[in-house]
>>> print(open('coords10.txt').read())   # compact mmCIF, C-alpha atoms
# COMPACT_ATOMS: atom_id res chain seq x y z
CA MET A 1 74.35 207.85 48.87
CA GLY A 2 76.71 205.56 46.96
CA VAL A 3 77.27 201.95 48.06
CA ILE A 4 75.78 201.04 51.43
CA THR A 5 76.68 197.98 53.52
CA PRO A 6 73.87 196.59 55.71
CA GLN A 7 74.62 195.67 59.32
CA ASN A 8 73.27 192.75 61.31
CA PHE A 9 72.46 193.39 64.99
CA HIS A 10 72.04 190.26 67.08
CA PHE A 11 69.99 190.35 70.27
CA ALA A 12 70.69 187.38 72.52
CA GLU A 13 67.99 188.24 75.05
CA PRO A 14 64.52 186.62 74.72
CA LEU A 15 61.77 188.72 73.13
CA THR A 16 58.23 188.24 74.42
CA LEU A 17 55.66 189.16 71.79
CA GLU A 18 52.09 190.39 72.11
CA CYS A 19 50.83 186.94 71.14
CA ASN A 20 52.49 185.65 74.35
CA ARG A 21 55.10 183.64 72.45
CA THR A 22 58.81 184.26 72.94
CA LEU A 23 61.67 184.39 70.48
CA PRO A 24 64.80 183.08 72.25
CA SER A 25 66.90 185.60 70.31
CA PHE A 26 66.59 187.62 67.13
CA ASP A 27 68.50 189.57 64.48
CA LEU A 28 67.74 192.94 62.91
CA MET A 29 69.14 194.00 59.55
CA VAL A 30 69.92 197.72 59.55
CA GLU A 31 71.24 200.38 57.19
CA THR A 32 72.50 203.78 58.29
CA TYR A 33 73.20 206.93 56.30
CA GLY A 34 74.99 210.10 57.38
CA THR A 35 76.93 210.70 60.59
CA LEU A 36 75.70 210.60 64.18
CA ASN A 37 76.70 213.79 66.00
CA SER A 38 78.48 213.87 69.34
CA ASP A 39 75.36 214.23 71.50
CA LYS A 40 73.36 211.80 69.32
CA SER A 41 70.60 214.32 68.77
CA ASN A 42 70.39 214.18 64.96
CA ALA A 43 69.13 210.62 64.48
CA ILE A 44 66.08 209.85 62.34
CA LEU A 45 64.43 206.41 62.27
CA ILE A 46 62.79 205.25 59.04
CA CYS A 47 60.00 202.65 59.33
CA HIS A 48 59.26 200.63 56.21
CA ALA A 49 55.97 199.63 54.59
CA LEU A 50 54.67 196.12 53.89
CA SER A 51 56.97 195.19 51.01
CA GLY A 52 59.85 197.41 52.16
CA ASN A 53 63.01 196.58 54.04
CA HIS A 54 66.14 198.15 55.53
CA HIS A 55 67.46 199.20 52.10
CA ALA A 56 65.92 202.67 51.94
CA ALA A 57 68.64 204.55 50.04
CA GLY A 58 71.80 204.10 48.02
CA PHE A 59 73.00 200.90 46.35
CA HIS A 60 74.35 197.59 47.63
CA SER A 61 76.91 197.36 44.83
CA THR A 62 78.16 199.31 41.84
CA LYS A 63 76.25 196.86 39.62
CA ASP A 64 72.85 197.65 41.14
CA LYS A 65 70.45 199.33 38.74
CA LYS A 66 67.85 200.24 41.34
CA ALA A 67 68.46 202.31 44.46
CA GLY A 68 66.77 201.88 47.85
CA TRP A 69 63.00 202.23 48.01
CA TRP A 70 63.08 205.81 49.41
CA ASP A 71 66.22 207.07 47.67
CA ASN A 72 64.37 210.16 46.42
CA MET A 73 63.64 211.13 50.05
CA ILE A 74 66.93 210.24 51.79
CA GLY A 75 70.36 211.58 50.86
CA PRO A 76 72.58 214.65 50.68
CA ASN A 77 70.46 217.82 50.30
CA LYS A 78 67.25 215.78 49.99
CA ALA A 79 64.15 216.08 52.18
CA ILE A 80 65.82 213.89 54.81
CA ASP A 81 69.26 215.42 54.45
CA THR A 82 72.10 213.05 55.32
CA ASN A 83 74.48 216.00 55.46
CA ARG A 84 72.52 217.02 58.53
CA PHE A 85 70.93 213.86 59.92
CA TYR A 86 71.99 210.34 60.85
CA VAL A 87 69.34 208.11 59.29
CA VAL A 88 68.58 204.56 60.43
CA CYS A 89 66.33 202.10 58.61
CA VAL A 90 65.62 198.71 60.19
CA ASN A 91 64.06 195.60 58.65
CA ASN A 92 61.26 194.34 60.89
CA ILE A 93 61.23 190.88 62.42
CA GLY A 94 58.97 188.55 60.50
CA SER A 95 60.36 189.89 57.24
CA CYS A 96 62.38 187.97 54.65
CA PHE A 97 65.30 190.34 54.13
CA GLY A 98 67.71 189.25 56.84
CA SER A 99 65.94 190.01 60.12
CA THR A 100 64.65 187.00 62.04
CA GLY A 101 61.55 185.68 60.29
CA PRO A 102 59.95 182.68 58.61
CA THR A 103 62.93 182.14 56.29
CA THR A 104 65.57 182.12 59.06
CA LEU A 105 66.70 179.10 61.05
CA ASN A 106 64.52 178.08 63.99
CA PRO A 107 66.86 177.53 66.98
CA ASP A 108 64.23 175.39 68.69
CA SER A 109 64.45 172.90 65.83
CA ILE A 110 68.22 172.40 65.99
CA SER A 111 68.90 168.91 67.34
CA THR A 112 72.06 167.05 68.22
CA ASP A 113 71.46 164.88 65.13
CA ASP A 114 71.61 168.00 62.95
CA GLU A 115 74.87 169.04 64.57
CA SER A 116 76.47 165.62 64.27
CA THR A 117 75.44 164.97 60.69
CA GLY A 118 75.96 168.54 59.51
CA SER A 119 72.47 168.60 57.98
CA GLU A 120 70.65 171.89 57.63
CA PRO A 121 68.11 172.51 60.46
CA PRO A 122 64.70 173.72 59.30
CA VAL A 123 63.65 177.33 59.09
CA TYR A 124 60.79 178.78 61.13
CA GLY A 125 58.33 178.72 58.23
CA PRO A 126 54.74 178.74 59.54
CA ASP A 127 56.03 178.22 63.10
CA PHE A 128 57.17 181.83 63.27
CA PRO A 129 54.84 183.64 65.70
CA LEU A 130 52.41 186.32 64.61
CA VAL A 131 53.83 189.76 65.27
CA THR A 132 52.26 193.18 65.71
CA ILE A 133 53.30 196.74 65.09
CA LYS A 134 53.80 197.12 68.85
CA ASP A 135 56.29 194.25 68.65
CA TRP A 136 58.18 195.98 65.86
CA VAL A 137 58.33 199.22 67.80
CA LYS A 138 59.60 197.30 70.83
CA THR A 139 62.48 195.82 68.84
CA GLN A 140 63.25 199.23 67.33
CA ALA A 141 63.48 200.66 70.85
CA MET A 142 65.93 197.86 71.73
CA LEU A 143 67.98 198.83 68.67
CA SER A 144 67.88 202.45 69.84
CA ASP A 145 69.40 201.37 73.14
CA ARG A 146 72.10 199.41 71.31
CA LEU A 147 72.93 202.50 69.22
CA GLY A 148 72.94 204.72 72.31
CA ILE A 149 70.15 206.91 70.93
CA ASP A 150 67.96 208.03 73.82
CA VAL A 151 65.77 210.42 71.82
CA TRP A 152 65.15 210.36 68.08
CA HIS A 153 65.10 213.69 66.29
CA ALA A 154 62.26 212.19 64.27
CA ILE A 155 60.59 208.91 63.40
CA VAL A 156 59.26 208.80 59.84
CA GLY A 157 57.15 206.27 57.97
CA GLY A 158 54.72 205.88 55.10
CA SER A 159 51.73 203.53 55.00
CA MET A 160 52.54 200.68 57.45
CA GLY A 161 55.63 202.68 58.38
CA GLY A 162 53.39 205.56 59.42
CA MET A 163 51.56 203.22 61.77
CA GLN A 164 54.87 202.34 63.40
CA ALA A 165 55.75 206.02 63.80
CA LEU A 166 52.35 206.64 65.38
CA GLN A 167 52.77 203.66 67.73
CA TRP A 168 56.21 204.96 68.74
CA SER A 169 54.70 208.26 69.88
CA VAL A 170 52.19 206.38 72.05
CA ASP A 171 54.47 203.68 73.49
CA TYR A 172 57.66 205.71 73.96
CA PRO A 173 56.52 209.35 74.23
CA LYS A 174 59.81 210.60 75.69
CA ARG A 175 62.00 209.00 73.03
CA LEU A 176 61.09 211.04 69.95
CA LYS A 177 60.77 214.76 69.25
CA ARG A 178 59.00 214.57 65.89
CA CYS A 179 56.65 212.05 64.33
CA VAL A 180 55.96 211.98 60.58
CA VAL A 181 52.91 209.91 59.59
CA ILE A 182 52.49 209.62 55.80
CA ALA A 183 49.61 208.02 53.86
CA SER A 184 48.51 206.09 56.91
CA THR A 185 45.53 205.46 59.16
CA PRO A 186 44.66 205.08 62.86
CA LYS A 187 43.44 201.53 62.10
CA LEU A 188 42.33 199.47 59.12
CA SER A 189 38.78 199.71 57.86
CA ALA A 190 36.68 196.59 57.27
CA GLN A 191 37.29 197.03 53.54
CA ASN A 192 41.06 197.05 54.01
CA ILE A 193 40.91 193.95 56.20
CA ALA A 194 38.82 192.33 53.45
CA PHE A 195 41.48 193.10 50.81
CA ASN A 196 44.13 191.56 53.07
CA GLU A 197 42.01 188.44 53.60
CA VAL A 198 41.57 187.94 49.85
CA ALA A 199 45.35 188.22 49.45
CA ARG A 200 45.96 185.72 52.25
CA GLN A 201 43.44 183.23 50.89
CA SER A 202 45.08 183.34 47.48
CA ILE A 203 48.30 182.15 49.17
CA LEU A 204 46.72 179.69 51.60
CA SER A 205 44.72 178.00 48.81
CA ASP A 206 47.74 177.52 46.53
CA PRO A 207 48.44 173.73 46.39
CA ASP A 208 52.16 174.50 46.64
CA PHE A 209 51.73 176.30 49.97
CA LYS A 210 51.99 172.97 51.83
CA ASP A 211 50.65 174.44 55.11
CA GLY A 212 53.50 176.94 55.04
CA ARG A 213 56.23 174.29 54.82
CA TYR A 214 56.93 174.80 51.13
CA LEU A 215 60.67 175.34 51.61
CA GLN A 216 61.04 171.95 53.29
CA ALA A 217 58.83 170.40 50.58
CA GLY A 218 60.85 171.97 47.78
CA THR A 219 57.85 173.89 46.43
CA TYR A 220 56.75 177.52 46.45
CA PRO A 221 53.23 179.07 46.34
CA ARG A 222 54.21 181.32 43.45
CA ARG A 223 50.74 181.55 41.91
CA GLY A 224 49.15 182.48 45.22
CA LEU A 225 51.74 185.15 45.96
CA ILE A 226 51.40 186.61 42.45
CA LEU A 227 47.63 186.89 42.88
CA ALA A 228 48.01 188.40 46.34
CA ARG A 229 50.33 191.07 44.98
CA MET A 230 48.04 191.78 42.03
CA VAL A 231 45.12 192.38 44.39
CA GLY A 232 47.23 194.62 46.60
CA HIS A 233 48.70 196.55 43.71
CA ILE A 234 45.27 197.44 42.38
CA THR A 235 44.46 199.12 45.70
CA TYR A 236 47.67 201.19 45.58
CA LEU A 237 46.72 202.84 42.28
CA THR A 238 43.74 204.93 41.13
CA ASP A 239 41.29 204.44 38.29
CA ASP A 240 42.52 207.64 36.64
CA ALA A 241 46.17 206.63 36.96
CA MET A 242 45.48 203.22 35.43
CA LYS A 243 43.40 204.81 32.68
CA ALA A 244 46.17 207.29 31.86
CA LYS A 245 48.87 204.62 31.87
CA PHE A 246 47.05 201.75 30.17
CA GLY A 247 43.51 202.68 29.17
CA ARG A 248 42.05 199.70 27.32
CA ASP A 249 45.14 199.24 25.19
CA LEU A 250 45.64 195.74 23.84
CA LYS A 251 49.01 194.04 24.02
CA SER A 252 48.82 192.64 20.48
CA GLY A 253 46.50 195.28 19.02
CA LYS A 254 43.55 192.92 18.59
CA PHE A 255 41.30 190.57 20.57
CA MET A 256 42.71 187.06 20.93
CA TYR A 257 39.49 185.55 22.33
CA GLY A 258 41.20 183.64 25.13
CA TYR A 259 42.24 183.86 28.78
CA ASP A 260 45.85 184.78 28.27
CA VAL A 261 47.07 188.38 28.63
CA GLU A 262 45.28 190.68 26.17
CA PHE A 263 45.10 194.10 27.83
CA GLN A 264 48.20 196.07 28.78
CA VAL A 265 46.94 196.47 32.34
CA GLU A 266 46.75 192.67 32.66
CA SER A 267 50.34 192.39 31.49
CA TYR A 268 51.44 195.04 33.98
CA LEU A 269 49.74 193.38 36.95
CA ARG A 270 51.14 189.95 36.09
CA TYR A 271 54.62 191.41 35.71
CA GLN A 272 54.38 193.13 39.10
CA GLY A 273 53.12 189.94 40.71
CA GLU A 274 55.81 187.75 39.15
CA ARG A 275 58.60 190.14 40.09
CA PHE A 276 57.28 190.35 43.65
CA SER A 277 57.04 186.56 43.95
CA GLU A 278 60.73 186.26 43.11
CA ASN A 279 61.82 188.49 46.00
CA PHE A 280 59.25 188.01 48.77
CA ASP A 281 58.31 185.16 51.07
CA ALA A 282 54.72 183.93 51.26
CA ASN A 283 54.73 183.32 55.04
CA THR A 284 56.11 186.84 55.49
CA TYR A 285 53.25 188.26 53.40
CA LEU A 286 50.74 186.49 55.64
CA LEU A 287 52.44 187.86 58.78
CA MET A 288 52.69 191.41 57.49
CA THR A 289 49.04 191.66 56.45
CA LYS A 290 47.94 190.28 59.83
CA ALA A 291 50.07 192.90 61.60
CA LEU A 292 48.25 195.53 59.56
CA ASP A 293 44.87 194.10 60.55
CA TYR A 294 45.78 194.05 64.25
CA PHE A 295 47.06 197.64 64.37
CA ASP A 296 45.08 199.82 66.74
CA PRO A 297 46.96 202.31 68.98
CA THR A 298 43.80 202.79 71.06
CA ARG A 299 43.59 199.15 72.21
CA ASP A 300 45.19 199.99 75.54
CA TYR A 301 43.11 203.18 75.83
CA PRO A 302 39.41 202.28 75.67
CA SER A 303 36.98 204.97 74.68
CA ALA A 304 35.90 207.30 77.45
CA VAL A 305 32.46 207.61 75.88
CA ALA A 306 30.00 205.79 78.14
CA GLN A 307 26.28 205.48 77.63
CA ASP A 308 23.86 205.98 80.49
CA PRO A 309 21.85 202.70 80.74
CA THR A 310 18.68 204.60 81.63
CA GLU A 311 19.12 206.70 78.49
CA SER A 312 19.72 203.52 76.49
CA ALA A 313 16.53 201.91 77.82
CA ALA A 314 14.53 205.05 77.14
CA HIS A 315 15.97 205.16 73.63
CA ILE A 316 14.90 201.55 73.00
CA GLU A 317 11.37 202.23 74.24
CA ASP A 318 11.13 205.34 72.10
CA SER A 319 12.43 203.39 69.10
CA ILE A 320 9.82 200.63 69.57
CA ALA A 321 7.03 203.14 69.88
CA ALA A 322 8.25 205.03 66.88
CA SER A 323 8.49 201.82 64.84
CA VAL A 324 4.89 200.83 65.67
CA GLU A 325 3.61 204.26 64.77
CA SER A 326 5.68 204.60 61.62
CA SER A 327 4.62 201.20 60.28
CA LYS A 328 1.62 203.05 58.89
CA ASN A 329 3.91 204.89 56.57
CA SER A 330 6.80 203.09 54.82
CA THR A 331 8.38 206.36 53.74
CA GLN A 332 8.53 207.48 57.34
CA VAL A 333 10.16 204.16 58.30
CA GLU A 334 12.84 204.56 55.65
CA LEU A 335 13.50 208.10 56.83
CA GLU A 336 13.85 207.02 60.44
CA ASP A 337 16.18 204.16 59.42
CA ALA A 338 18.35 206.63 57.55
CA VAL A 339 18.46 208.97 60.53
CA ALA A 340 19.31 206.06 62.85
CA THR A 341 22.14 205.01 60.54
CA ILE A 342 23.54 208.52 60.53
CA GLU A 343 23.31 208.65 64.32
CA ASP A 344 25.10 205.29 64.62
CA ILE A 345 27.88 206.48 62.33
CA GLU A 346 28.30 209.67 64.31
CA SER A 347 28.28 207.73 67.58
CA ASP A 348 31.02 205.42 66.27
CA ARG A 349 33.02 208.41 65.09
CA GLN A 350 32.80 210.05 68.49
CA GLN A 351 33.89 206.86 70.24
CA GLU A 352 36.86 206.49 67.87
CA LEU A 353 37.81 210.12 68.48
CA SER A 354 37.53 209.65 72.23
CA ALA A 355 39.75 206.55 72.14
CA LEU A 356 42.36 208.30 69.98
CA LYS A 357 42.35 211.28 72.34
CA ALA A 358 43.01 208.94 75.26
CA ALA A 359 45.89 207.28 73.36
CA PHE A 360 47.46 210.61 72.40
CA ALA A 361 46.91 212.31 75.76
CA HIS A 362 50.41 211.58 77.07
CA THR A 363 52.38 212.00 73.81
CA GLN A 364 55.11 214.63 73.83
CA CYS A 365 56.28 214.93 70.23
CA GLN A 366 55.41 217.27 67.40
CA TYR A 367 53.50 215.69 64.48
CA LEU A 368 53.40 216.04 60.72
CA VAL A 369 50.55 214.14 59.06
CA VAL A 370 50.58 213.82 55.27
CA SER A 371 47.82 212.43 53.06
CA PHE A 372 47.24 212.30 49.31
CA THR A 373 44.05 213.32 47.52
CA THR A 374 43.80 210.18 45.37
CA ASP A 375 44.71 207.64 48.06
CA TRP A 376 41.61 205.51 48.49
CA ARG A 377 43.36 202.73 50.40
CA PHE A 378 44.11 205.08 53.31
CA ALA A 379 41.99 208.07 52.35
CA PRO A 380 42.69 211.62 53.59
CA GLU A 381 39.71 211.31 55.93
CA ARG A 382 41.62 208.67 57.91
CA SER A 383 44.60 211.00 58.33
CA GLN A 384 42.21 213.73 59.40
CA GLU A 385 40.93 211.48 62.20
CA ILE A 386 44.47 211.45 63.59
CA VAL A 387 44.75 215.22 63.21
CA ASP A 388 41.37 215.84 64.87
CA ALA A 389 42.34 213.72 67.89
CA LEU A 390 45.73 215.44 68.22
CA MET A 391 44.16 218.90 67.99
CA ALA A 392 41.50 217.94 70.52
CA THR A 393 44.24 217.03 73.00
CA GLY A 394 46.23 220.20 72.31
CA LYS A 395 49.16 218.46 70.62
CA PRO A 396 51.30 220.37 68.09
CA VAL A 397 50.38 218.96 64.68
CA SER A 398 50.83 220.08 61.08
CA TYR A 399 48.73 218.55 58.32
CA ILE A 400 49.01 218.68 54.55
CA ASN A 401 46.88 216.94 51.92
CA ILE A 402 48.94 216.63 48.74
CA ASP A 403 47.29 216.69 45.32
CA ALA A 404 48.86 213.71 43.53
CA PRO A 405 47.58 211.29 40.85
CA HIS A 406 49.41 208.18 42.06
CA GLY A 407 46.98 206.90 44.71
CA HIS A 408 48.41 205.24 47.81
CA ASP A 409 51.79 204.87 46.12
CA SER A 410 52.13 208.67 46.10
CA PHE A 411 54.25 208.55 49.27
CA LEU A 412 57.02 206.92 47.20
CA PHE A 413 57.08 209.66 44.54
CA ASP A 414 59.26 212.76 44.34
CA ILE A 415 56.50 215.37 44.64
CA PRO A 416 58.01 218.83 45.38
CA ARG A 417 55.28 220.04 47.76
CA TYR A 418 55.41 216.76 49.67
CA MET A 419 59.20 216.68 49.90
CA GLY A 420 59.25 220.34 50.90
CA ALA A 421 56.76 219.73 53.71
CA VAL A 422 58.87 216.90 55.16
CA ARG A 423 62.10 218.90 54.86
CA GLY A 424 60.55 221.97 56.48
CA PHE A 425 59.10 219.98 59.36
CA LEU A 426 62.36 218.19 60.12
CA THR A 427 64.44 221.37 60.12
CA ALA A 428 61.99 223.74 61.86
CA PRO A 429 62.57 224.62 65.53
CA PHE A 430 60.94 222.20 67.94
CA ILE A 431 57.74 223.54 69.49
CA THR A 432 57.96 223.28 73.28
CA ASP A 433 54.95 222.77 75.52
CA SER A 434 55.01 226.42 76.61
CA GLN A 435 55.17 227.61 73.00
CA SER A 436 52.29 225.31 72.09
CA LYS A 437 50.15 226.62 74.95
CA ASN A 438 50.94 230.22 74.07
CA SER A 439 50.04 229.52 70.45
CA HIS A 440 46.68 228.06 71.47
CA GLN A 441 46.00 230.98 73.77
CA LYS A 442 46.78 233.50 71.01
CA ALA A 443 44.62 231.57 68.57
CA GLY A 444 41.77 231.64 71.11
CA ALA A 445 42.20 235.39 71.60
CA ARG A 446 42.08 236.00 67.82
CA SER A 447 38.96 233.87 67.44
>>> encode(input="coords10.txt", output="structure tokens")
Amino acid sequence: MGVITPQNFHFAEPLTLECNRTLPSFDLMVETYGTLNSDKSNAILICHALSGNHHAAGFHSTKDKKAGWWDNMIGPNKAIDTNRFYVVCVNNIGSCFGSTGPTTLNPDSISTDDESTGSEPPVYGPDFPLVTIKDWVKTQAMLSDRLGIDVWHAIVGGSMGGMQALQWSVDYPKRLKRCVVIASTPKLSAQNIAFNEVARQSILSDPDFKDGRYLQAGTYPRRGLILARMVGHITYLTDDAMKAKFGRDLKSGKFMYGYDVEFQVESYLRYQGERFSENFDANTYLLMTKALDYFDPTRDYPSAVAQDPTESAAHIEDSIAASVESSKNSTQVELEDAVATIEDIESDRQQELSALKAAFAHTQCQYLVVSFTTDWRFAPERSQEIVDALMATGKPVSYINIDAPHGHDSFLFDIPRYMGAVRGFLTAPFITDSQSKNSHQKAGARS
């Protein structure tokens, strides 16, 4: 891609967020690759993950040693071919890479004293409002209007970016033809929310955090941010990958009998955390993880599964009677508890499926869902929930589960089968509603 120059798009109009707070104005940092065709039909939007930004491909200068975070995916003759497509990557608000966020100036704090004395007005810091994935999608739609792109050829994202792509298909069904959801999930599990909370607490409990006003105080919660990244990084990898890369290798070749770095894996995690802390903002990390926790495309589409109250009452009576009878036999009680647990899990699954079906009912795009066999952060089963709901509503969807050893981070690797699937999906003819119906009818006839 060569050297790329980011662009700043300023939006003077107020932005009302889901939390009911309003930004008086905001900026979006954007990078584009390739050329937009005359009818603006070849545009692809890239949505970034938690630690990502607008710099998805190419270099910012000839001195850069590291290309954009998805440079192996985007470029001439690559899976997202810039000889064919006009690619746009936008940095989300709340980030720390140029878009309006905790590290940018707070216009509400600018006073006449600041203007007269020439002193620097404070940044937003912890006063920046909590944002959601719906908010990000809303700002991306505003950018689309600014660029004159009515319909995206595709919207593509991995991990948190996949959530944005999914939300796009629900919120703006007529504005995208293809949706690529990679290593993602329909919503976070309790375990994932727990990981995020541990990461947040490591930052919040750092004495240098100063209630989020560390920049004004001249401090920085470096230790907390390092620990947060270490926790997160562990969840992106697999046990086998860490074993293959580090095993139990010692840094000095022998036990030092202390609490400093001894194992190679410890050294690696500390290095990753320290490097991350030099380039990322702590308040941004808090915001991003909360946006992940809040994500749920079914929130506006409650489950259609309703329980008959008479059936519920009868079930309770039957359960009480069964409990009294089974108290004579502890083994029987344990068996019934196990059955009840299985029934509860299945009931929850059906309700989730029903809610997803309701959310996807009005979508109009074609989907590609990609998962990775070793991803335990957002396991293949979570991608399959999306696929099941799309199939149940008759939406055109392709699904591939890629065998890869890299865990959740697999979506960042140049894996031929993965890259080929994305390339093929983006260049294949679009499946119209009539073609989709005919396909389902033929499939039904064959079955």
>>> residues_near_point(input="coords10.txt", point="(43.7, 210.5, 44.6)", cutoff="7 Å", atoms="only C-alpha atoms", output="PDB file with C-alpha atoms, in the frame of the given file")
ATOM      1  CA  THR A 238      43.740 204.930  41.130  1.00  0.00           C
ATOM      2  CA  PHE A 372      47.240 212.300  49.310  1.00  0.00           C
ATOM      3  CA  THR A 373      44.050 213.320  47.520  1.00  0.00           C
ATOM      4  CA  THR A 374      43.800 210.180  45.370  1.00  0.00           C
ATOM      5  CA  ASP A 375      44.710 207.640  48.060  1.00  0.00           C
ATOM      6  CA  TRP A 376      41.610 205.510  48.490  1.00  0.00           C
ATOM      7  CA  ALA A 404      48.860 213.710  43.530  1.00  0.00           C
ATOM      8  CA  PRO A 405      47.580 211.290  40.850  1.00  0.00           C
ATOM      9  CA  HIS A 406      49.410 208.180  42.060  1.00  0.00           C
ATOM     10  CA  GLY A 407      46.980 206.900  44.710  1.00  0.00           C
TER      11      GLY A 407
END
>>> closest_residue(input="coords10.txt", among="A:Glu18, A:Arg200, A:Phe9, A:Pro173", to="Leu147 (chain A)", atoms="only C-alpha atoms")
A:Phe9
>>> residues_around(input="coords10.txt", residues="Lys78 (chain A)", least_positions_apart="6", cutoff="9 Å", atoms="only C-alpha atoms", output="mmCIF file with C-alpha atoms, keeping the file's coordinate frame")
data_model
loop_
_atom_site.group_PDB
_atom_site.id
_atom_site.type_symbol
_atom_site.label_atom_id
_atom_site.label_comp_id
_atom_site.auth_asym_id
_atom_site.auth_seq_id
_atom_site.Cartn_x
_atom_site.Cartn_y
_atom_site.Cartn_z
ATOM 1 C CA ASN A 72 64.370 210.160 46.420
ATOM 2 C CA MET A 419 59.200 216.680 49.900
ATOM 3 C CA ARG A 423 62.100 218.900 54.860
#
>>> atom_distance(input="coords10.txt", atom1="CA of Leu412 (chain A)", atom2="CA of Phe59 (chain A)")
17.1 Å
>>> closest_residue(input="coords10.txt", among="A:Lys210, A:Arg84, A:Lys187, A:His408", to="Ile386 (chain A)", atoms="only C-alpha atoms")
A:Lys187
>>> closest_residue(input="coords10.txt", among="A:Arg299, A:Lys357, A:Lys66, A:Arg175", to="Lys134 (chain A)", atoms="all atoms listed in the file")
A:Arg299
>>> axis_aligned_box(input="coords10.txt", around="region 386-402 of chain A", padding_each_side="6 Å", output="lines of an AutoDock Vina configuration file")
center_x = 46.3
center_y = 215.9
center_z = 60.9
size_x = 21.9
size_y = 20.9
size_z = 36.3
>>> atom_distance(input="coords10.txt", atom1="CA of Leu390 (chain A)", atom2="CA of Phe411 (chain A)")
21.9 Å
>>> atom_distance(input="coords10.txt", atom1="CA of Gly212 (chain A)", atom2="CA of Ile234 (chain A)")
25.5 Å
>>> closest_residue(input="coords10.txt", among="A:Val90, A:Ile226, A:Met1, A:Val265", to="Ala241 (chain A)", atoms="all atoms listed in the file")
A:Val265
>>> closest_residue(input="coords10.txt", among="A:His362, A:Lys177, A:Arg275, A:Lys290", to="Leu225 (chain A)", atoms="only C-alpha atoms")
A:Arg275
>>> closest_residue(input="coords10.txt", among="A:Trp136, A:Tyr285, A:Trp70, A:Tyr271", to="Ser410 (chain A)", atoms="all atoms listed in the file")
A:Trp70
>>> residues_near_point(input="coords10.txt", point="(60.9, 224.2, 64.1)", cutoff="12 Å", atoms="all atoms listed in the file", output="list of chain:residue names")
A:His153, A:Lys177, A:Arg178, A:Gln366, A:Tyr367, A:Leu368, A:Pro396, A:Val397, A:Ser398, A:Val422, A:Arg423, A:Gly424, A:Phe425, A:Leu426, A:Thr427, A:Ala428, A:Pro429, A:Phe430, A:Ile431, A:Thr432, A:Gln435, A:Ser436
>>> closest_atom_pairs(input="coords10.txt", of="region 116-223 of chain A", to="region 21-24 of chain A", cutoff="10 Å", atoms="all atoms listed in the file", output="JSON lines")
{"residue": "A:Phe128", "atom": "CA", "partner": "A:Leu23", "partner_atom": "CA", "distance": 8.9}
{"residue": "A:Pro129", "atom": "CA", "partner": "A:Arg21", "partner_atom": "CA", "distance": 6.8}
{"residue": "A:Leu130", "atom": "CA", "partner": "A:Arg21", "partner_atom": "CA", "distance": 8.7}
{"residue": "A:Val131", "atom": "CA", "partner": "A:Arg21", "partner_atom": "CA", "distance": 9.5}
